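What's in upload-v2.csv: CSV, N, CA and C atoms
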chain,number,residue,atom,x,y,z
D,1,GLN,N,28.1,61.1,-4.7
D,1,GLN,CA,27.1,62.2,-4.5
D,1,GLN,C,26.6,62.8,-5.8
D,2,VAL,N,25.4,63.0,-5.9
D,2,VAL,CA,24.8,63.6,-7.1
D,2,VAL,C,24.5,65.1,-6.8
D,3,GLN,N,25.0,66.0,-7.6
D,3,GLN,CA,24.7,67.4,-7.5
D,3,GLN,C,23.8,67.9,-8.5
D,4,LEU,N,22.9,68.8,-8.2
D,4,LEU,CA,21.9,69.3,-9.1
D,4,LEU,C,22.0,70.9,-9.2
D,5,VAL,N,22.0,71.4,-10.4
D,5,VAL,CA,22.0,72.9,-10.5
D,5,VAL,C,20.9,73.3,-11.4
D,6,GLU,N,20.0,74.2,-10.9
D,6,GLU,CA,18.9,74.7,-11.7
D,6,GLU,C,19.4,76.0,-12.4
D,7,SER,N,18.8,76.3,-13.5
D,7,SER,CA,19.0,77.5,-14.3
D,7,SER,C,17.7,77.9,-15.1
D,8,GLY,N,17.7,79.1,-15.6
D,8,GLY,CA,16.6,79.5,-16.4
D,8,GLY,C,15.5,80.3,-15.8
D,9,GLY,N,15.6,80.6,-14.5
D,9,GLY,CA,14.6,81.4,-13.9
D,9,GLY,C,14.8,82.9,-14.3
D,10,GLY,N,13.8,83.7,-13.9
D,10,GLY,CA,13.9,85.1,-14.3
D,10,GLY,C,12.5,85.8,-14.1
D,11,LEU,N,12.4,87.0,-14.6
D,11,LEU,CA,11.2,87.8,-14.5
D,11,LEU,C,10.5,87.7,-15.9
D,12,VAL,N,9.2,87.4,-15.8
D,12,VAL,CA,8.4,87.3,-17.0
D,12,VAL,C,7.0,87.9,-16.7
D,13,GLN,N,6.4,88.4,-17.8
D,13,GLN,CA,5.0,88.9,-17.6
D,13,GLN,C,4.0,87.8,-17.6
D,14,ALA,N,2.9,88.0,-17.0
D,14,ALA,CA,1.8,87.0,-17.0
D,14,ALA,C,1.4,86.6,-18.4
D,15,GLY,N,1.2,85.4,-18.6
D,15,GLY,CA,1.0,84.8,-20.0
D,15,GLY,C,2.2,84.4,-20.7
D,16,GLY,N,3.4,84.7,-20.2
D,16,GLY,CA,4.6,84.4,-20.8
D,16,GLY,C,5.1,83.0,-20.5
D,17,SER,N,6.3,82.7,-21.0
D,17,SER,CA,6.8,81.3,-20.9
D,17,SER,C,8.3,81.4,-20.4
D,18,LEU,N,8.7,80.4,-19.7
D,18,LEU,CA,10.1,80.2,-19.3
D,18,LEU,C,10.3,78.7,-19.3
D,19,THR,N,11.6,78.3,-19.5
D,19,THR,CA,12.0,77.0,-19.4
D,19,THR,C,13.1,76.9,-18.4
D,20,LEU,N,12.9,76.1,-17.4
D,20,LEU,CA,13.9,75.8,-16.4
D,20,LEU,C,14.7,74.6,-16.7
D,21,SER,N,16.0,74.6,-16.4
D,21,SER,CA,16.8,73.4,-16.6
D,21,SER,C,17.4,72.9,-15.3
D,22,CYS,N,17.7,71.7,-15.2
D,22,CYS,CA,18.3,71.1,-14.0
D,22,CYS,C,19.4,70.1,-14.5
D,23,THR,N,20.6,70.5,-14.2
D,23,THR,CA,21.7,69.6,-14.7
D,23,THR,C,22.3,68.9,-13.6
D,24,GLY,N,22.5,67.6,-13.7
D,24,GLY,CA,23.1,66.7,-12.7
D,24,GLY,C,24.5,66.4,-13.0
D,25,SER,N,25.3,66.2,-11.9
D,25,SER,CA,26.7,65.8,-12.1
D,25,SER,C,27.0,64.9,-10.9
D,26,GLY,N,28.1,64.2,-11.1
D,26,GLY,CA,28.6,63.3,-10.0
D,26,GLY,C,27.9,62.0,-10.0
D,27,ARG,N,28.3,61.1,-9.2
D,27,ARG,CA,27.7,59.8,-9.0
D,27,ARG,C,27.8,59.3,-7.6
D,28,THR,N,26.9,58.4,-7.3
D,28,THR,CA,26.9,57.8,-5.9
D,28,THR,C,28.0,56.8,-5.8
D,29,ILE,N,28.2,56.3,-4.6
D,29,ILE,CA,29.2,55.2,-4.3
D,29,ILE,C,28.8,54.0,-5.1
D,30,SER,N,27.6,53.8,-5.4
D,30,SER,CA,27.2,52.6,-6.2
D,30,SER,C,27.2,52.9,-7.6
D,31,GLY,N,27.6,54.1,-8.0
D,31,GLY,CA,27.8,54.4,-9.4
D,31,GLY,C,26.6,55.0,-10.2
D,32,ARG,N,25.6,55.3,-9.4
D,32,ARG,CA,24.4,55.9,-10.0
D,32,ARG,C,24.6,57.3,-10.3
D,33,THR,N,24.0,57.8,-11.4
D,33,THR,CA,24.1,59.2,-11.8
D,33,THR,C,22.7,59.8,-11.9
D,34,PHE,N,22.6,61.0,-12.3
D,34,PHE,CA,21.3,61.7,-12.4
D,34,PHE,C,20.4,60.9,-13.3
D,35,SER,N,20.9,60.3,-14.4
D,35,SER,CA,20.1,59.6,-15.4
D,35,SER,C,19.4,58.4,-14.8
D,36,ASN,N,19.9,57.9,-13.7
D,36,ASN,CA,19.4,56.7,-13.1
D,36,ASN,C,18.2,57.0,-12.1
D,37,TYR,N,18.0,58.3,-11.9
D,37,TYR,CA,17.0,58.7,-10.9
D,37,TYR,C,15.7,59.3,-11.5
D,38,ASP,N,14.6,59.1,-10.8
D,38,ASP,CA,13.4,59.9,-11.1
D,38,ASP,C,13.7,61.4,-10.7
D,39,MET,N,13.0,62.3,-11.4
D,39,MET,CA,13.3,63.7,-11.1
D,39,MET,C,12.0,64.4,-10.8
D,40,GLY,N,12.0,65.4,-9.9
D,40,GLY,CA,10.9,66.2,-9.6
D,40,GLY,C,11.2,67.6,-9.6
D,41,TRP,N,10.2,68.4,-9.8
D,41,TRP,CA,10.3,69.9,-9.6
D,41,TRP,C,9.3,70.3,-8.5
D,42,PHE,N,9.8,71.1,-7.6
D,42,PHE,CA,9.0,71.7,-6.5
D,42,PHE,C,9.2,73.2,-6.5
D,43,ARG,N,8.3,73.9,-5.8
D,43,ARG,CA,8.4,75.3,-5.7
D,43,ARG,C,8.0,75.8,-4.4
D,44,GLN,N,8.6,77.0,-4.0
D,44,GLN,CA,8.2,77.6,-2.7
D,44,GLN,C,8.0,79.1,-2.9
D,45,ALA,N,6.8,79.5,-2.7
D,45,ALA,CA,6.4,80.9,-2.7
D,45,ALA,C,6.7,81.5,-1.4
D,46,PRO,N,6.9,82.9,-1.4
D,46,PRO,CA,7.1,83.6,-0.1
D,46,PRO,C,6.0,83.3,0.9
D,47,GLY,N,6.4,82.9,2.1
D,47,GLY,CA,5.5,82.6,3.2
D,47,GLY,C,4.7,81.4,3.1
D,48,LYS,N,5.1,80.5,2.1
D,48,LYS,CA,4.3,79.3,1.9
D,48,LYS,C,5.3,78.1,2.0
D,49,GLU,N,4.7,76.9,2.2
D,49,GLU,CA,5.5,75.7,2.2
D,49,GLU,C,5.9,75.3,0.8
D,50,ARG,N,7.0,74.5,0.7
D,50,ARG,CA,7.3,74.0,-0.6
D,50,ARG,C,6.3,73.0,-1.1
D,51,GLU,N,6.0,73.1,-2.4
D,51,GLU,CA,5.0,72.2,-2.9
D,51,GLU,C,5.4,71.5,-4.2
D,52,PHE,N,4.8,70.4,-4.5
D,52,PHE,CA,5.1,69.6,-5.6
D,52,PHE,C,4.6,70.3,-6.9
D,53,VAL,N,5.4,70.2,-8.0
D,53,VAL,CA,5.0,70.8,-9.2
D,53,VAL,C,4.8,69.7,-10.3
D,54,ALA,N,5.9,68.9,-10.5
D,54,ALA,CA,5.9,67.8,-11.5
D,54,ALA,C,6.9,66.8,-11.3
D,55,ALA,N,6.8,65.6,-11.8
D,55,ALA,CA,7.8,64.6,-11.7
D,55,ALA,C,7.8,63.7,-12.9
D,56,ILE,N,9.0,63.1,-13.2
D,56,ILE,CA,9.2,62.3,-14.3
D,56,ILE,C,10.1,61.1,-13.9
D,57,THR,N,9.8,59.9,-14.5
D,57,THR,CA,10.6,58.8,-14.1
D,57,THR,C,12.0,58.9,-14.8
D,58,TRP,N,12.9,58.0,-14.4
D,58,TRP,CA,14.3,58.1,-14.9
D,58,TRP,C,14.3,57.9,-16.4
D,59,ASN,N,13.4,57.2,-17.0
D,59,ASN,CA,13.4,56.9,-18.4
D,59,ASN,C,12.4,57.8,-19.2
D,60,GLY,N,11.8,58.8,-18.6
D,60,GLY,CA,11.1,59.8,-19.3
D,60,GLY,C,9.6,59.6,-19.3
D,61,THR,N,9.1,58.4,-18.9
D,61,THR,CA,7.6,58.2,-18.9
D,61,THR,C,7.3,57.2,-17.8
D,62,PRO,N,6.2,57.3,-17.1
D,62,PRO,CA,5.2,58.4,-17.2
D,62,PRO,C,5.6,59.6,-16.4
D,63,LYS,N,4.7,60.6,-16.3
D,63,LYS,CA,4.9,61.8,-15.7
D,63,LYS,C,3.7,62.1,-14.7
D,64,ASN,N,4.0,63.1,-13.8
D,64,ASN,CA,2.9,63.4,-12.9
D,64,ASN,C,3.0,64.9,-12.7
D,65,TYR,N,1.8,65.6,-12.6
D,65,TYR,CA,1.7,67.0,-12.5
D,65,TYR,C,0.8,67.4,-11.4
D,66,ALA,N,1.1,68.5,-10.7
D,66,ALA,CA,0.1,69.1,-9.8
D,66,ALA,C,-1.0,69.6,-10.6
D,67,GLU,N,-2.2,69.6,-10.0
D,67,GLU,CA,-3.4,70.1,-10.7
D,67,GLU,C,-3.3,71.6,-11.1
D,68,THR,N,-2.6,72.3,-10.3
D,68,THR,CA,-2.4,73.8,-10.6
D,68,THR,C,-1.6,74.1,-11.8
D,69,VAL,N,-0.8,73.1,-12.3
D,69,VAL,CA,0.1,73.4,-13.5
D,69,VAL,C,-0.3,72.5,-14.6
D,70,LYS,N,-1.1,71.6,-14.4
D,70,LYS,CA,-1.5,70.6,-15.5
D,70,LYS,C,-2.0,71.4,-16.7
D,71,GLY,N,-1.5,71.0,-17.9
D,71,GLY,CA,-1.9,71.7,-19.1
D,71,GLY,C,-1.1,72.9,-19.5
D,72,ARG,N,-0.3,73.4,-18.5
D,72,ARG,CA,0.5,74.6,-18.7
D,72,ARG,C,2.0,74.3,-18.7
D,73,PHE,N,2.4,73.4,-17.8
D,73,PHE,CA,3.8,73.0,-17.6
D,73,PHE,C,4.0,71.7,-18.2
D,74,THR,N,5.3,71.5,-18.7
D,74,THR,CA,5.7,70.2,-19.2
D,74,THR,C,7.0,69.8,-18.7
D,75,ILE,N,7.1,68.7,-18.1
D,75,ILE,CA,8.4,68.2,-17.6
D,75,ILE,C,9.0,67.2,-18.6
D,76,SER,N,10.3,67.3,-18.8
D,76,SER,CA,11.0,66.4,-19.7
D,76,SER,C,12.5,66.2,-19.2
D,77,ARG,N,13.2,65.3,-19.9
D,77,ARG,CA,14.6,65.1,-19.6
D,77,ARG,C,15.3,64.6,-20.8
D,78,ASP,N,16.6,64.9,-20.7
D,78,ASP,CA,17.6,64.4,-21.8
D,78,ASP,C,18.7,63.7,-21.0
D,79,ASN,N,18.6,62.4,-20.9
D,79,ASN,CA,19.7,61.7,-20.0
D,79,ASN,C,21.0,61.8,-20.7
D,80,ALA,N,21.1,61.9,-22.0
D,80,ALA,CA,22.4,62.0,-22.6
D,80,ALA,C,23.1,63.3,-22.2
D,81,LYS,N,22.3,64.3,-21.8
D,81,LYS,CA,22.9,65.6,-21.3
D,81,LYS,C,22.8,65.7,-19.8
D,82,ASN,N,22.3,64.7,-19.1
D,82,ASN,CA,22.2,64.7,-17.7
D,82,ASN,C,21.4,66.0,-17.3
D,83,THR,N,20.3,66.3,-18.0
D,83,THR,CA,19.6,67.5,-17.8
D,83,THR,C,18.1,67.2,-17.8
D,84,GLY,N,17.4,67.8,-16.9
D,84,GLY,CA,15.9,67.8,-16.9
D,84,GLY,C,15.4,69.2,-17.2
D,85,TYR,N,14.1,69.3,-17.6
D,85,TYR,CA,13.6,70.6,-17.9
D,85,TYR,C,12.2,70.7,-17.4
D,86,LEU,N,11.8,72.0,-17.2
D,86,LEU,CA,10.4,72.3,-16.9
D,86,LEU,C,10.0,73.4,-17.8
D,87,GLN,N,9.2,73.1,-18.8
D,87,GLN,CA,8.7,74.1,-19.7
D,87,GLN,C,7.4,74.7,-19.1
D,88,MET,N,7.4,76.0,-18.9
D,88,MET,CA,6.3,76.7,-18.2
D,88,MET,C,5.6,77.7,-19.2
D,89,ASN,N,4.4,77.4,-19.5
D,89,ASN,CA,3.6,78.3,-20.4
D,89,ASN,C,2.5,79.0,-19.6
D,90,SER,N,1.9,80.0,-20.2
D,90,SER,CA,0.8,80.7,-19.6
D,90,SER,C,1.0,81.0,-18.2
D,91,LEU,N,2.1,81.5,-17.9
D,91,LEU,CA,2.5,81.8,-16.5
D,91,LEU,C,1.6,82.8,-15.8
D,92,ARG,N,1.3,82.6,-14.6
D,92,ARG,CA,0.4,83.5,-13.8
D,92,ARG,C,1.2,84.0,-12.6
D,93,PRO,N,0.8,85.1,-12.1
D,93,PRO,CA,1.5,85.7,-10.9
D,93,PRO,C,1.6,84.7,-9.7
D,94,GLU,N,0.6,83.8,-9.6
D,94,GLU,CA,0.7,82.9,-8.5
D,94,GLU,C,1.7,81.8,-8.7
D,95,ASP,N,2.3,81.7,-9.9
D,95,ASP,CA,3.4,80.8,-10.2
D,95,ASP,C,4.8,81.3,-9.6
D,96,THR,N,4.8,82.6,-9.2
D,96,THR,CA,6.0,83.2,-8.6
D,96,THR,C,6.5,82.4,-7.4
D,97,ALA,N,7.7,81.9,-7.5
D,97,ALA,CA,8.3,81.1,-6.4
D,97,ALA,C,9.7,80.8,-6.7
D,98,VAL,N,10.4,80.2,-5.8
D,98,VAL,CA,11.7,79.6,-6.0
D,98,VAL,C,11.4,78.2,-6.5
D,99,TYR,N,12.0,77.8,-7.6
D,99,TYR,CA,11.8,76.5,-8.1
D,99,TYR,C,13.0,75.6,-7.9
D,100,TYR,N,12.7,74.4,-7.4
D,100,TYR,CA,13.8,73.4,-7.0
D,100,TYR,C,13.6,72.1,-7.8
D,101,CYS,N,14.7,71.6,-8.3
D,101,CYS,CA,14.7,70.3,-8.9
D,101,CYS,C,15.2,69.3,-7.9
D,102,ALA,N,14.8,68.1,-8.0
D,102,ALA,CA,15.2,67.0,-7.0
D,102,ALA,C,15.3,65.7,-7.7
D,103,ALA,N,16.1,64.8,-7.2
D,103,ALA,CA,16.2,63.5,-7.8
D,103,ALA,C,16.2,62.4,-6.7
D,104,GLY,N,15.7,61.3,-7.1
D,104,GLY,CA,15.7,60.2,-6.2
D,104,GLY,C,14.9,59.0,-6.8
D,105,SER,N,14.8,57.9,-6.0
D,105,SER,CA,14.0,56.8,-6.5
D,105,SER,C,12.6,57.0,-6.0
D,106,ALA,N,12.0,58.1,-6.5
D,106,ALA,CA,10.7,58.6,-6.0
D,106,ALA,C,9.4,58.1,-6.7
D,107,MET,N,9.6,57.5,-7.8
D,107,MET,CA,8.4,56.9,-8.5
D,107,MET,C,7.3,57.9,-8.6
D,108,LEU,N,7.6,59.1,-9.1
D,108,LEU,CA,6.6,60.1,-9.4
D,108,LEU,C,5.9,60.7,-8.1
D,109,SER,N,6.6,60.4,-6.9
D,109,SER,CA,6.0,60.9,-5.7
D,109,SER,C,5.9,62.4,-5.6
D,110,THR,N,4.9,62.9,-4.9
D,110,THR,CA,4.7,64.3,-4.6
D,110,THR,C,5.3,64.7,-3.3
D,111,LEU,N,5.9,63.7,-2.6
D,111,LEU,CA,6.5,64.0,-1.3
D,111,LEU,C,7.9,64.3,-1.4
D,112,GLU,N,8.4,65.3,-0.7
D,112,GLU,CA,9.8,65.8,-0.7
D,112,GLU,C,10.7,64.7,-0.1
D,113,ARG,N,10.2,63.9,0.9
D,113,ARG,CA,11.1,63.0,1.5
D,113,ARG,C,11.5,61.8,0.6
D,114,ARG,N,10.8,61.7,-0.5
D,114,ARG,CA,11.2,60.6,-1.5
D,114,ARG,C,12.3,60.9,-2.4
D,115,TYR,N,12.8,62.2,-2.3
D,115,TYR,CA,13.9,62.7,-3.1
D,115,TYR,C,15.1,62.9,-2.3
D,116,ASP,N,16.2,62.4,-2.8
D,116,ASP,CA,17.5,62.4,-2.0
D,116,ASP,C,18.4,63.6,-2.3
D,117,TYR,N,18.3,64.1,-3.5
D,117,TYR,CA,19.2,65.1,-4.0
D,117,TYR,C,18.4,66.3,-4.4
D,118,TRP,N,18.9,67.5,-4.0
D,118,TRP,CA,18.2,68.8,-4.3
D,118,TRP,C,19.2,69.8,-4.9
D,119,GLY,N,18.6,70.6,-5.8
D,119,GLY,CA,19.4,71.8,-6.2
D,119,GLY,C,19.2,73.0,-5.3
D,120,GLN,N,19.8,74.1,-5.6
D,120,GLN,CA,19.8,75.3,-4.7
D,120,GLN,C,18.6,76.2,-5.0
D,121,GLY,N,17.9,75.9,-6.2
D,121,GLY,CA,16.7,76.7,-6.5
D,121,GLY,C,17.0,77.8,-7.5
D,122,THR,N,16.0,78.2,-8.2
D,122,THR,CA,16.1,79.3,-9.1
D,122,THR,C,14.8,80.1,-9.0
D,123,GLN,N,14.9,81.4,-9.0
D,123,GLN,CA,13.7,82.3,-8.8
D,123,GLN,C,13.0,82.5,-10.1
D,124,VAL,N,11.7,82.4,-10.0
D,124,VAL,CA,10.8,82.7,-11.1
D,124,VAL,C,9.8,83.8,-10.6
D,125,THR,N,9.7,84.9,-11.3
D,125,THR,CA,8.8,86.0,-10.9
D,125,THR,C,7.9,86.3,-12.0
D,126,VAL,N,6.6,86.2,-11.8
D,126,VAL,CA,5.7,86.5,-12.9
D,126,VAL,C,4.9,87.8,-12.5
D,127,SER,N,5.1,88.8,-13.3
D,127,SER,CA,4.4,90.1,-13.0
D,127,SER,C,3.1,90.2,-13.7
D,128,SER,N,2.2,90.9,-13.1
D,128,SER,CA,0.8,91.0,-13.6
D,128,SER,C,0.6,92.2,-14.5
Starting from the file, lay out its structure as structure tokens.
Amino acid sequence: QVQLVESGGGLVQAGGSLTLSCTGSGRTISGRTFSNYDMGWFRQAPGKEREFVAAITWNGTPKNYAETVKGRFTISRDNAKNTGYLQMNSLRPEDTAVYYCAAGSAMLSTLERRYDYWGQGTQVTVSS
């Protein structure tokens, strides 16, 4: 089983930046670890459904972004550290949400069902 833990959330003013981290641990019965899976970031704002933010393949390229974050957010990963990242710049109040990382053989999919493993989420709050 692969476990994911997010960190780096917090309170930031509009226009500010935050970097979220997602650290994977454990392995599946077949021996696969976080570094063998594609990774995605999703977010859920209060009263809204969870939505896709960004995705990256297991080897770091290519990447996929939601239109709402393209040009402001950057997804990356360091497989040697079993960690993925979401660099968020020019944050807006509408970016306020709980951010989740996920892993799976998703091939940059925007669909939640393509991801098998999920973290518990980290809160990002952007004040105006």
Original post:
From the set D:Ala54, D:Tyr85, D:Tyr99, D:Leu20, which residue has the shortest atom-to-atom contact distance to Val69 in chain D, counting all atoms listed in the file?
Top reply: D:Ala54
Original post:
Taking (1.1, 77.6, -18.6) in the file's coordinates as the center, which residues reach within 6 Å of it, counting all atoms listed in the file, put as a count of residues only?
Top reply: 7
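Candidate residues D:Phe52, D:Ser127, D:Gly9, D:Asn82 were compared for distance to Gly40 in chain D, and the nearest is D:Phe52, using all atoms listed in the file.
With all atoms listed in the file as the atoms that count, the minimum distance from Val124 in chain D to the choices D:Asp78, D:Glu112, D:Asp38, D:Asp95 is reached by D:Asp95.
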Original post:
Mind pulling up the distance from atom N of Thr19 in chain D to atom N of Gln87 in chain D?
Top reply: 5.8 Å
**OP:** To one decimal in Å, tell me the separation between atom N of Ser35 in chain D and atom N of Glu49 in chain D.
**Re:** 28.5 Å
Original post:
In Å, with one decimal, what is the gap from CA of Thr83 in chain D to atom C of Pro46 in chain D?
Top reply: 28.0 Å
Subject >> Pick from D:Thr96, D:Gln1, D:Thr68, D:Thr110, whichever lies nearest to Phe42 in chain D using only C-alpha atoms >> reply: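 So, comparing all the options, the nearest one is D:Thr110.
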Among chain D, which residues carry a DSSP assignment of strand (DSSP E), reported as a compact mmCIF listing (two decimals) with N, CA and C atoms, keeping the file's coordinate frame?
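Dumped to result.txt:
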# COMPACT_ATOMS: atom_id res chain seq x y z
N GLN D 3 25.00 66.00 -7.60
CA GLN D 3 24.70 67.40 -7.50
C GLN D 3 23.80 67.90 -8.50
N LEU D 4 22.90 68.80 -8.20
CA LEU D 4 21.90 69.30 -9.10
C LEU D 4 22.00 70.90 -9.20
N VAL D 5 22.00 71.40 -10.40
CA VAL D 5 22.00 72.90 -10.50
C VAL D 5 20.90 73.30 -11.40
N GLU D 6 20.00 74.20 -10.90
CA GLU D 6 18.90 74.70 -11.70
C GLU D 6 19.40 76.00 -12.40
N SER D 7 18.80 76.30 -13.50
CA SER D 7 19.00 77.50 -14.30
C SER D 7 17.70 77.90 -15.10
N GLY D 10 13.80 83.70 -13.90
CA GLY D 10 13.90 85.10 -14.30
C GLY D 10 12.50 85.80 -14.10
N LEU D 11 12.40 87.00 -14.60
CA LEU D 11 11.20 87.80 -14.50
C LEU D 11 10.50 87.70 -15.90
N VAL D 12 9.20 87.40 -15.80
CA VAL D 12 8.40 87.30 -17.00
C VAL D 12 7.00 87.90 -16.70
N GLN D 13 6.40 88.40 -17.80
CA GLN D 13 5.00 88.90 -17.60
C GLN D 13 4.00 87.80 -17.60
N LEU D 18 8.70 80.40 -19.70
CA LEU D 18 10.10 80.20 -19.30
C LEU D 18 10.30 78.70 -19.30
N THR D 19 11.60 78.30 -19.50
CA THR D 19 12.00 77.00 -19.40
C THR D 19 13.10 76.90 -18.40
N LEU D 20 12.90 76.10 -17.40
CA LEU D 20 13.90 75.80 -16.40
C LEU D 20 14.70 74.60 -16.70
N SER D 21 16.00 74.60 -16.40
CA SER D 21 16.80 73.40 -16.60
C SER D 21 17.40 72.90 -15.30
N CYS D 22 17.70 71.70 -15.20
CA CYS D 22 18.30 71.10 -14.00
C CYS D 22 19.40 70.10 -14.50
N THR D 23 20.60 70.50 -14.20
CA THR D 23 21.70 69.60 -14.70
C THR D 23 22.30 68.90 -13.60
N GLY D 24 22.50 67.60 -13.70
CA GLY D 24 23.10 66.70 -12.70
C GLY D 24 24.50 66.40 -13.00
N SER D 25 25.30 66.20 -11.90
CA SER D 25 26.70 65.80 -12.10
C SER D 25 27.00 64.90 -10.90
N ASP D 38 14.60 59.10 -10.80
CA ASP D 38 13.40 59.90 -11.10
C ASP D 38 13.70 61.40 -10.70
N MET D 39 13.00 62.30 -11.40
CA MET D 39 13.30 63.70 -11.10
C MET D 39 12.00 64.40 -10.80
N GLY D 40 12.00 65.40 -9.90
CA GLY D 40 10.90 66.20 -9.60
C GLY D 40 11.20 67.60 -9.60
N TRP D 41 10.20 68.40 -9.80
CA TRP D 41 10.30 69.90 -9.60
C TRP D 41 9.30 70.30 -8.50
N PHE D 42 9.80 71.10 -7.60
CA PHE D 42 9.00 71.70 -6.50
C PHE D 42 9.20 73.20 -6.50
N ARG D 43 8.30 73.90 -5.80
CA ARG D 43 8.40 75.30 -5.70
C ARG D 43 8.00 75.80 -4.40
N GLN D 44 8.60 77.00 -4.00
CA GLN D 44 8.20 77.60 -2.70
C GLN D 44 8.00 79.10 -2.90
N GLU D 51 6.00 73.10 -2.40
CA GLU D 51 5.00 72.20 -2.90
C GLU D 51 5.40 71.50 -4.20
N PHE D 52 4.80 70.40 -4.50
CA PHE D 52 5.10 69.60 -5.60
C PHE D 52 4.60 70.30 -6.90
N VAL D 53 5.40 70.20 -8.00
CA VAL D 53 5.00 70.80 -9.20
C VAL D 53 4.80 69.70 -10.30
N ALA D 54 5.90 68.90 -10.50
CA ALA D 54 5.90 67.80 -11.50
C ALA D 54 6.90 66.80 -11.30
N ALA D 55 6.80 65.60 -11.80
CA ALA D 55 7.80 64.60 -11.70
C ALA D 55 7.80 63.70 -12.90
N ILE D 56 9.00 63.10 -13.20
CA ILE D 56 9.20 62.30 -14.30
C ILE D 56 10.10 61.10 -13.90
N LYS D 63 4.70 60.60 -16.30
CA LYS D 63 4.90 61.80 -15.70
C LYS D 63 3.70 62.10 -14.70
N ASN D 64 4.00 63.10 -13.80
CA ASN D 64 2.90 63.40 -12.90
C ASN D 64 3.00 64.90 -12.70
N TYR D 65 1.80 65.60 -12.60
CA TYR D 65 1.70 67.00 -12.50
C TYR D 65 0.80 67.40 -11.40
N PHE D 73 2.40 73.40 -17.80
CA PHE D 73 3.80 73.00 -17.60
C PHE D 73 4.00 71.70 -18.20
N THR D 74 5.30 71.50 -18.70
CA THR D 74 5.70 70.20 -19.20
C THR D 74 7.00 69.80 -18.70
N ILE D 75 7.10 68.70 -18.10
CA ILE D 75 8.40 68.20 -17.60
C ILE D 75 9.00 67.20 -18.60
N SER D 76 10.30 67.30 -18.80
CA SER D 76 11.00 66.40 -19.70
C SER D 76 12.50 66.20 -19.20
N ARG D 77 13.20 65.30 -19.90
CA ARG D 77 14.60 65.10 -19.60
C ARG D 77 15.30 64.60 -20.80
N ASP D 78 16.60 64.90 -20.70
CA ASP D 78 17.60 64.40 -21.80
C ASP D 78 18.70 63.70 -21.00
N THR D 83 20.30 66.30 -18.00
CA THR D 83 19.60 67.50 -17.80
C THR D 83 18.10 67.20 -17.80
N GLY D 84 17.40 67.80 -16.90
CA GLY D 84 15.90 67.80 -16.90
C GLY D 84 15.40 69.20 -17.20
N TYR D 85 14.10 69.30 -17.60
CA TYR D 85 13.60 70.60 -17.90
C TYR D 85 12.20 70.70 -17.40
N LEU D 86 11.80 72.00 -17.20
CA LEU D 86 10.40 72.30 -16.90
C LEU D 86 10.00 73.40 -17.80
N GLN D 87 9.20 73.10 -18.80
CA GLN D 87 8.70 74.10 -19.70
C GLN D 87 7.40 74.70 -19.10
N MET D 88 7.40 76.00 -18.90
CA MET D 88 6.30 76.70 -18.20
C MET D 88 5.60 77.70 -19.20
N ALA D 97 7.70 81.90 -7.50
CA ALA D 97 8.30 81.10 -6.40
C ALA D 97 9.70 80.80 -6.70
N VAL D 98 10.40 80.20 -5.80
CA VAL D 98 11.70 79.60 -6.00
C VAL D 98 11.40 78.20 -6.50
N TYR D 99 12.00 77.80 -7.60
CA TYR D 99 11.80 76.50 -8.10
C TYR D 99 13.00 75.60 -7.90
N TYR D 100 12.70 74.40 -7.40
CA TYR D 100 13.80 73.40 -7.00
C TYR D 100 13.60 72.10 -7.80
N CYS D 101 14.70 71.60 -8.30
CA CYS D 101 14.70 70.30 -8.90
C CYS D 101 15.20 69.30 -7.90
N ALA D 102 14.80 68.10 -8.00
CA ALA D 102 15.20 67.00 -7.00
C ALA D 102 15.30 65.70 -7.70
N ALA D 103 16.10 64.80 -7.20
CA ALA D 103 16.20 63.50 -7.80
C ALA D 103 16.20 62.40 -6.70
N GLY D 104 15.70 61.30 -7.10
CA GLY D 104 15.70 60.20 -6.20
C GLY D 104 14.90 59.00 -6.80
N TYR D 117 18.30 64.10 -3.50
CA TYR D 117 19.20 65.10 -4.00
C TYR D 117 18.40 66.30 -4.40
N TRP D 118 18.90 67.50 -4.00
CA TRP D 118 18.20 68.80 -4.30
C TRP D 118 19.20 69.80 -4.90
N THR D 122 16.00 78.20 -8.20
CA THR D 122 16.10 79.30 -9.10
C THR D 122 14.80 80.10 -9.00
N GLN D 123 14.90 81.40 -9.00
CA GLN D 123 13.70 82.30 -8.80
C GLN D 123 13.00 82.50 -10.10
N VAL D 124 11.70 82.40 -10.00
CA VAL D 124 10.80 82.70 -11.10
C VAL D 124 9.80 83.80 -10.60
N THR D 125 9.70 84.90 -11.30
CA THR D 125 8.80 86.00 -10.90
C THR D 125 7.90 86.30 -12.00
N VAL D 126 6.60 86.20 -11.80
CA VAL D 126 5.70 86.50 -12.90
C VAL D 126 4.90 87.80 -12.50
N SER D 127 5.10 88.80 -13.30
CA SER D 127 4.40 90.10 -13.00
C SER D 127 3.10 90.20 -13.70
Excluding Ala103 in chain D and any residue of its chain fewer than 5 positions from it, enumerate the residues within 6.5 Å of it, using only N, CA and C atoms, and give them as a compact mmCIF listing (two decimals) with N, CA and C atoms, in the coordinates of the input.
# COMPACT_ATOMS: atom_id res chain seq x y z
N TYR D 37 18.00 58.30 -11.90
CA TYR D 37 17.00 58.70 -10.90
C TYR D 37 15.70 59.30 -11.50
N ASP D 38 14.60 59.10 -10.80
CA ASP D 38 13.40 59.90 -11.10
C ASP D 38 13.70 61.40 -10.70
N MET D 39 13.00 62.30 -11.40
CA MET D 39 13.30 63.70 -11.10
C MET D 39 12.00 64.40 -10.80
N GLY D 40 12.00 65.40 -9.90
CA GLY D 40 10.90 66.20 -9.60
C GLY D 40 11.20 67.60 -9.60
N ARG D 114 10.80 61.70 -0.50
CA ARG D 114 11.20 60.60 -1.50
C ARG D 114 12.30 60.90 -2.40
N TYR D 115 12.80 62.20 -2.30
CA TYR D 115 13.90 62.70 -3.10
C TYR D 115 15.10 62.90 -2.30
N ASP D 116 16.20 62.40 -2.80
CA ASP D 116 17.50 62.40 -2.00
C ASP D 116 18.40 63.60 -2.30
N TYR D 117 18.30 64.10 -3.50
CA TYR D 117 19.20 65.10 -4.00
C TYR D 117 18.40 66.30 -4.40
N TRP D 118 18.90 67.50 -4.00
CA TRP D 118 18.20 68.80 -4.30
C TRP D 118 19.20 69.80 -4.90
N GLY D 119 18.60 70.60 -5.80
CA GLY D 119 19.40 71.80 -6.20
C GLY D 119 19.20 73.00 -5.30
